[in-house]
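Presented below is the structure to which this report refers.
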Amino acid sequence: MAKRNMNKIAEIFLKPFREHFLFFIILCALTVSCHFIGYFTIKNELNLNAAIVRVMHCVSLSYVATLIVGVIRSRIARSILQTIFILYAAFDFAINMYCALYLHLPFDNDIALLIKETDPKEALEFFTTMVPLWLILTVAGVFLILILGGWLIKRSRMNTNLGKKASLLVMGIVCICILGSLYRWNVWKSGPLAPFYEFTQSENPSNLRDYYTHPKLTFDQSQELPTNVVLIIGESYSRSHSSVFGYNKLTNPLLTQLKDSALLFSFDSINSPAHSTVLALRFMLSTFDLPDENKGKKWFEYISLIELMDESGFDCYWFGNQGRVGAHNGTTRTYADACDNQWFLKDDNVEDQLDNVLVDSTHQYVNQISHKSHNFIVFHMKGSHFDYSKRYPKEFAQFTENDYPSEPQNHRGILSSYDNSILYNDYMVSRIMDLFKDTESIVIYLPDHGQVMYRNKKDPDYYAHGRKADPVDYAYGIDIPFFIYASPLYQQKHPQTMERIKNRQNNPHEWNSDFLPYFFMDLIGVKEINGENIQTKSVLN
């Protein structure tokens with residue numbers, strides 16, 4: 001009796017090989033291949049031992065999935081479940097192949113955030129502009145081979161299942177893989193289940209105000225609060241493409257005029273804290289610092305810039321041309337909703353809404369804002385978000401492929417459209433600054449991050465976000481411009497601050513924009529936050 005029961009149990013565990021071996025092999029092929037390829041393309045991120053553990057984990061999960069399929073008696077239910085498993089494995093294969101072969105980094109939380117907090121139109125732009133044809137053909141080719149091979153095997157009625165002895169041998173290999181996976185149990189967060197794990201993690205609070213700590217602020221009593229403090233957040237702007245900083249194309253004619261008029265001040269040697277919008281905003285708009293990334297405390301549990309300005313007596317406003325993302329709170333929406341008033345000006349019914357909406361739709365609100373109070377106003381631009389050619393109107397198509405004769409032919413169209421988007425950005429930023437020219441206002445402009453734009457000699461055809469796996473890419477991806485506009489009335493009323501701004505412009509030094517909240521506090525006369533001297537972290541120090 002005991003022997004019979006043992007045989008029945010053994011038959012159940014051997015079912016994946018004796019009845020569904022083809023399904024098991026297809027799952028293994030999809031999951032193992034992309035994770036093993038990662039070893040050859042991401043060597044500085046993934047060593048051989050880690051790659052082997054991931055492969056063992058892929059085999060273990062493929063076996064478990066096949067075992068679940070095997071114990072289901074209903075043929076329809078079994079077919080549905082097989083389809084779900086295959087589709088998930090195909091998605092895991094596609095996204096990991098993209099990360100490994102194009103981005104040269106493993107799929108992680110950063111990639112998941114990029115996908116989760118991107119609206120469908122931006123996702124489509126990303127796919128059409130940033131996913132190379134060769135990669136699409138590679139992934140499609142693998143799928144086609146698997147589908148065609150499976151169809152031919154079934155059509156020929158070839159017996160793909162294993163006998164008992166062969167099944168026992170494969171079962172032994174699977175057991176070794178399971179033991180290896182258990183030894184490194186946390187590999188499940190980086191293996192085939194990584195997309196499921198990362199996409200189901202919710203790191204955005206329903207209300208940022210619930211996490212306010214009401215920090216103690218110590219003010220310099222001799223310094224008056226300005227009427228308007230304005231922050232313009234740009235998008236994907238590489239400092240190397242700004243003519244203010246020496247680029248050989250005139251991409252900043254209007255900002256140059258403001259600088260020549262001593263109304264605009266440009267800061268060199270400024271870096272973004274991250275290569276993507278979501279991460280950059282989390283660092284820039286809170287005291288969440290780069291060294292704090294792995295301390296377990298979530299980004300929204302740190303003091304936010306919105307809270308600091310609110311505690312300092314400012315009414316907070318948010319105008320955004322990057323919309324609310326889906327049904328869940330995105331990072332941008334989290335900060336915007338913490339403001340006293342917010343307007344997401346992006347119209348999802350308009351295919352390519354340009355940044356002119358930030359002036360055309362807000363000038364009436366800006367004019368209505370009481371100049372007897374103190375106001376903190378944020379403008380979040382679409383900027384140079386790819387597809388670059390969709391970020392400017394036709395009349396701003398000043399640069400053409402003919403303006404880049406020394407560049408490879410396949411680079412010229414992208415470079416011209418990117419520079420045209422920078423030219424239009426120059427126009428829009430100057431228009432926003434112009435809204436405050438007759439008031440006591442200081443306006444700060446910086447983008448969330450930069451762009452690589454064919455600057456890496458190791459990968460000369462790559463453009464877009466900096467890739468963490470490549471130090472050259474990453475350096476270009478975080479190299480950003482930084483501008484301060486001070487209205488005539490502001491300059492008249494705040495001579496000491498202006499002296500510090502001018503001194504910093506003439507004496508550049510490295511500064512990271514994850515210290516942005518400390519700079520704003522320094523700007524309005526706060527000396528300490530909870531007893532911490534903030535000037536050491538200010539760009540004006």
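Identifiers for the structure tokens are assigned positionally: chains receive A, B, ... in sequence, residues are indexed from 1 per chain, and ligands are indexed from 1 in the order shown.
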Please report, as a ChimeraX atom specification, each residue of region 41-237 of chain A to which DSSP assigns helix (DSSP H, G or I) when run on this structure's backbone.
-> /A:41,48-71,75-103,109-116,120-130,133-155,164-183,185-189,194-200,208-211
Please tabulate, as CSV, the residues of region 286-390 of chain A that come within 8 Å of region 211-235 of chain A, each with its closest pair of atoms and the distance in Å to one decimal, counting only C-alpha atoms and ordering rows by chain, then residue number upward.
residue,atom,partner,partner_atom,distance
A:Phe300,CA,A:Tyr211,CA,7.1
A:Glu301,CA,A:Tyr211,CA,5.8
A:Ile303,CA,A:Tyr212,CA,6.9
A:Glu307,CA,A:Tyr212,CA,6.8
A:Leu308,CA,A:Pro215,CA,7.8
A:Glu311,CA,A:His214,CA,7.1
A:Ser312,CA,A:Leu217,CA,7.8
A:His371,CA,A:Thr227,CA,6.3
A:Lys372,CA,A:Thr227,CA,7.3
A:Ser373,CA,A:Thr227,CA,6.5
A:His374,CA,A:Thr227,CA,4.6
A:Asn375,CA,A:Asn228,CA,4.8
A:Phe376,CA,A:Val229,CA,4.9
A:Ile377,CA,A:Val230,CA,4.8
A:Val378,CA,A:Leu231,CA,4.8
A:Phe379,CA,A:Ile232,CA,4.7
A:His380,CA,A:Ile233,CA,4.9
A:Met381,CA,A:Gly234,CA,5.2
A:Lys382,CA,A:Glu235,CA,6.0
A:Gly383,CA,A:Glu235,CA,4.6
A:Ser384,CA,A:Glu235,CA,5.5
A:His385,CA,A:Glu235,CA,5.9
Test item, strand (DSSP E) assignment across region 154-283 of chain A, answer as a list of chain:residue names | A:Leu217, A:Thr218, A:Phe219, A:Asn228, A:Val229, A:Val230, A:Leu231, A:Ile232, A:Ile233, A:Gly234, A:Leu264, A:Phe265, A:Ser266, A:Ile270, A:Asn271
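Closest approach to Pro16 (chain A) from the set A:Lys164, A:His449, A:Arg282, A:Lys298 is made by A:Lys164, with distances taken over only C-alpha atoms.
Between Asn96 (chain A) and the candidates A:Ala10, A:Ser190, A:His57, A:Ser62, the tightest atom-to-atom separation, counting only C-alpha atoms, involves A:Ser190.
Minimum atom-to-atom distance to Asn410 (chain A), evaluated using only C-alpha atoms, belongs to A:Asp461 out of A:Glu19, A:Asp461, A:Glu198, A:Asp210.
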Pick out the closest residue to Asn420 (chain A) from this set: A:Ala140, A:Leu250, A:Ile95, A:Met498. Count only C-alpha atoms.
-> A:Leu250
Counting only C-alpha atoms, what are the residues of region 267-368 of chain A within 10 Å of region 426-440 of chain A, and for each of them which pair of atoms is the nearest and at what distance in Å, to one decimal? Sort the table by chain and rising number, as CSV.
residue,atom,partner,partner_atom,distance
A:Leu354,CA,A:Met428,CA,9.7
A:Asp355,CA,A:Met428,CA,6.8
A:Asn356,CA,A:Met428,CA,6.4
A:Val357,CA,A:Met428,CA,9.5
A:Leu358,CA,A:Ile432,CA,7.7
A:Val359,CA,A:Ile432,CA,6.2
A:Asp360,CA,A:Arg431,CA,9.9
A:Thr362,CA,A:Ile432,CA,9.4
A:His363,CA,A:Leu435,CA,6.9
A:Val366,CA,A:Leu435,CA,7.5
A:Asn367,CA,A:Leu435,CA,8.3
If you keep all heavy atoms, can you produce a file of those selected residues as a PDB file, in the first residue's frame?
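To be explicit, this is the file written out as result11.pdb:
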ATOM      1  N   LEU A 354       2.019  70.678 -26.888  1.00  0.00           N
ATOM      2  CA  LEU A 354       3.324  71.304 -26.693  1.00  0.00           C
ATOM      3  C   LEU A 354       3.348  72.113 -25.409  1.00  0.00           C
ATOM      4  O   LEU A 354       2.318  72.385 -24.795  1.00  0.00           O
ATOM      5  CB  LEU A 354       3.645  72.185 -27.902  1.00  0.00           C
ATOM      6  CG  LEU A 354       3.675  71.461 -29.258  1.00  0.00           C
ATOM      7  CD1 LEU A 354       3.874  72.466 -30.386  1.00  0.00           C
ATOM      8  CD2 LEU A 354       4.761  70.402 -29.289  1.00  0.00           C
ATOM      9  N   ASP A 355       4.549  72.531 -25.025  1.00  0.00           N
ATOM     10  CA  ASP A 355       4.721  73.231 -23.752  1.00  0.00           C
ATOM     11  C   ASP A 355       4.163  74.654 -23.760  1.00  0.00           C
ATOM     12  O   ASP A 355       4.145  75.294 -22.702  1.00  0.00           O
ATOM     13  CB  ASP A 355       6.207  73.264 -23.369  1.00  0.00           C
ATOM     14  CG  ASP A 355       6.654  71.982 -22.700  1.00  0.00           C
ATOM     15  OD1 ASP A 355       5.820  71.339 -22.039  1.00  0.00           O
ATOM     16  OD2 ASP A 355       7.833  71.611 -22.830  1.00  0.00           O
ATOM     17  N   ASN A 356       3.704  75.147 -24.901  1.00  0.00           N
ATOM     18  CA  ASN A 356       3.096  76.480 -24.914  1.00  0.00           C
ATOM     19  C   ASN A 356       1.866  76.534 -24.005  1.00  0.00           C
ATOM     20  O   ASN A 356       1.472  77.602 -23.537  1.00  0.00           O
ATOM     21  CB  ASN A 356       2.711  76.893 -26.339  1.00  0.00           C
ATOM     22  CG  ASN A 356       1.640  75.985 -26.931  1.00  0.00           C
ATOM     23  OD1 ASN A 356       1.898  74.812 -27.192  1.00  0.00           O
ATOM     24  ND2 ASN A 356       0.456  76.522 -27.151  1.00  0.00           N
ATOM     25  N   VAL A 357       1.283  75.352 -23.718  1.00  0.00           N
ATOM     26  CA  VAL A 357       0.128  75.296 -22.827  1.00  0.00           C
ATOM     27  C   VAL A 357       0.492  75.814 -21.431  1.00  0.00           C
ATOM     28  O   VAL A 357      -0.358  76.338 -20.709  1.00  0.00           O
ATOM     29  CB  VAL A 357      -0.430  73.858 -22.747  1.00  0.00           C
ATOM     30  CG1 VAL A 357       0.542  72.925 -22.025  1.00  0.00           C
ATOM     31  CG2 VAL A 357      -1.787  73.827 -22.056  1.00  0.00           C
ATOM     32  N   LEU A 358       1.777  75.694 -21.055  1.00  0.00           N
ATOM     33  CA  LEU A 358       2.203  76.149 -19.731  1.00  0.00           C
ATOM     34  C   LEU A 358       2.138  77.665 -19.593  1.00  0.00           C
ATOM     35  O   LEU A 358       2.073  78.186 -18.482  1.00  0.00           O
ATOM     36  CB  LEU A 358       3.630  75.661 -19.444  1.00  0.00           C
ATOM     37  CG  LEU A 358       3.766  74.165 -19.148  1.00  0.00           C
ATOM     38  CD1 LEU A 358       5.217  73.767 -19.089  1.00  0.00           C
ATOM     39  CD2 LEU A 358       3.063  73.808 -17.849  1.00  0.00           C
ATOM     40  N   VAL A 359       2.169  78.366 -20.714  1.00  0.00           N
ATOM     41  CA  VAL A 359       2.015  79.825 -20.671  1.00  0.00           C
ATOM     42  C   VAL A 359       0.596  80.218 -21.059  1.00  0.00           C
ATOM     43  O   VAL A 359      -0.066  80.989 -20.358  1.00  0.00           O
ATOM     44  CB  VAL A 359       3.032  80.519 -21.602  1.00  0.00           C
ATOM     45  CG1 VAL A 359       2.786  82.019 -21.626  1.00  0.00           C
ATOM     46  CG2 VAL A 359       4.451  80.229 -21.131  1.00  0.00           C
ATOM     47  N   ASP A 360       0.117  79.651 -22.161  1.00  0.00           N
ATOM     48  CA  ASP A 360      -1.209  80.024 -22.662  1.00  0.00           C
ATOM     49  C   ASP A 360      -2.321  79.729 -21.655  1.00  0.00           C
ATOM     50  O   ASP A 360      -3.310  80.459 -21.577  1.00  0.00           O
ATOM     51  CB  ASP A 360      -1.499  79.274 -23.966  1.00  0.00           C
ATOM     52  CG  ASP A 360      -0.542  79.674 -25.083  1.00  0.00           C
ATOM     53  OD1 ASP A 360       0.120  80.726 -24.934  1.00  0.00           O
ATOM     54  OD2 ASP A 360      -0.432  78.933 -26.077  1.00  0.00           O
ATOM     55  N   THR A 362      -1.792  79.287 -18.249  1.00  0.00           N
ATOM     56  CA  THR A 362      -1.493  79.643 -16.854  1.00  0.00           C
ATOM     57  C   THR A 362      -1.323  81.135 -16.613  1.00  0.00           C
ATOM     58  O   THR A 362      -1.358  81.559 -15.456  1.00  0.00           O
ATOM     59  CB  THR A 362      -0.195  78.945 -16.373  1.00  0.00           C
ATOM     60  OG1 THR A 362       0.918  79.434 -17.137  1.00  0.00           O
ATOM     61  CG2 THR A 362      -0.284  77.447 -16.527  1.00  0.00           C
ATOM     62  N   HIS A 363      -1.153  81.925 -17.669  1.00  0.00           N
ATOM     63  CA  HIS A 363      -0.886  83.345 -17.431  1.00  0.00           C
ATOM     64  C   HIS A 363      -2.016  84.011 -16.657  1.00  0.00           C
ATOM     65  O   HIS A 363      -1.790  84.892 -15.831  1.00  0.00           O
ATOM     66  CB  HIS A 363      -0.628  84.073 -18.757  1.00  0.00           C
ATOM     67  CG  HIS A 363      -1.841  84.262 -19.611  1.00  0.00           C
ATOM     68  ND1 HIS A 363      -2.310  83.290 -20.458  1.00  0.00           N
ATOM     69  CD2 HIS A 363      -2.696  85.328 -19.723  1.00  0.00           C
ATOM     70  CE1 HIS A 363      -3.397  83.736 -21.074  1.00  0.00           C
ATOM     71  NE2 HIS A 363      -3.646  84.957 -20.648  1.00  0.00           N
ATOM     72  N   VAL A 366      -1.475  83.042 -13.035  1.00  0.00           N
ATOM     73  CA  VAL A 366      -0.315  83.750 -12.487  1.00  0.00           C
ATOM     74  C   VAL A 366      -0.681  85.198 -12.193  1.00  0.00           C
ATOM     75  O   VAL A 366      -0.295  85.759 -11.162  1.00  0.00           O
ATOM     76  CB  VAL A 366       0.878  83.667 -13.458  1.00  0.00           C
ATOM     77  CG1 VAL A 366       2.017  84.580 -13.000  1.00  0.00           C
ATOM     78  CG2 VAL A 366       1.374  82.227 -13.565  1.00  0.00           C
ATOM     79  N   ASN A 367      -1.452  85.813 -13.085  1.00  0.00           N
ATOM     80  CA  ASN A 367      -1.854  87.205 -12.874  1.00  0.00           C
ATOM     81  C   ASN A 367      -2.810  87.349 -11.686  1.00  0.00           C
ATOM     82  O   ASN A 367      -2.866  88.400 -11.043  1.00  0.00           O
ATOM     83  CB  ASN A 367      -2.537  87.750 -14.137  1.00  0.00           C
ATOM     84  CG  ASN A 367      -1.544  87.925 -15.277  1.00  0.00           C
ATOM     85  OD1 ASN A 367      -0.353  88.099 -15.046  1.00  0.00           O
ATOM     86  ND2 ASN A 367      -2.030  87.865 -16.513  1.00  0.00           N
TER      87      ASN A 367
END
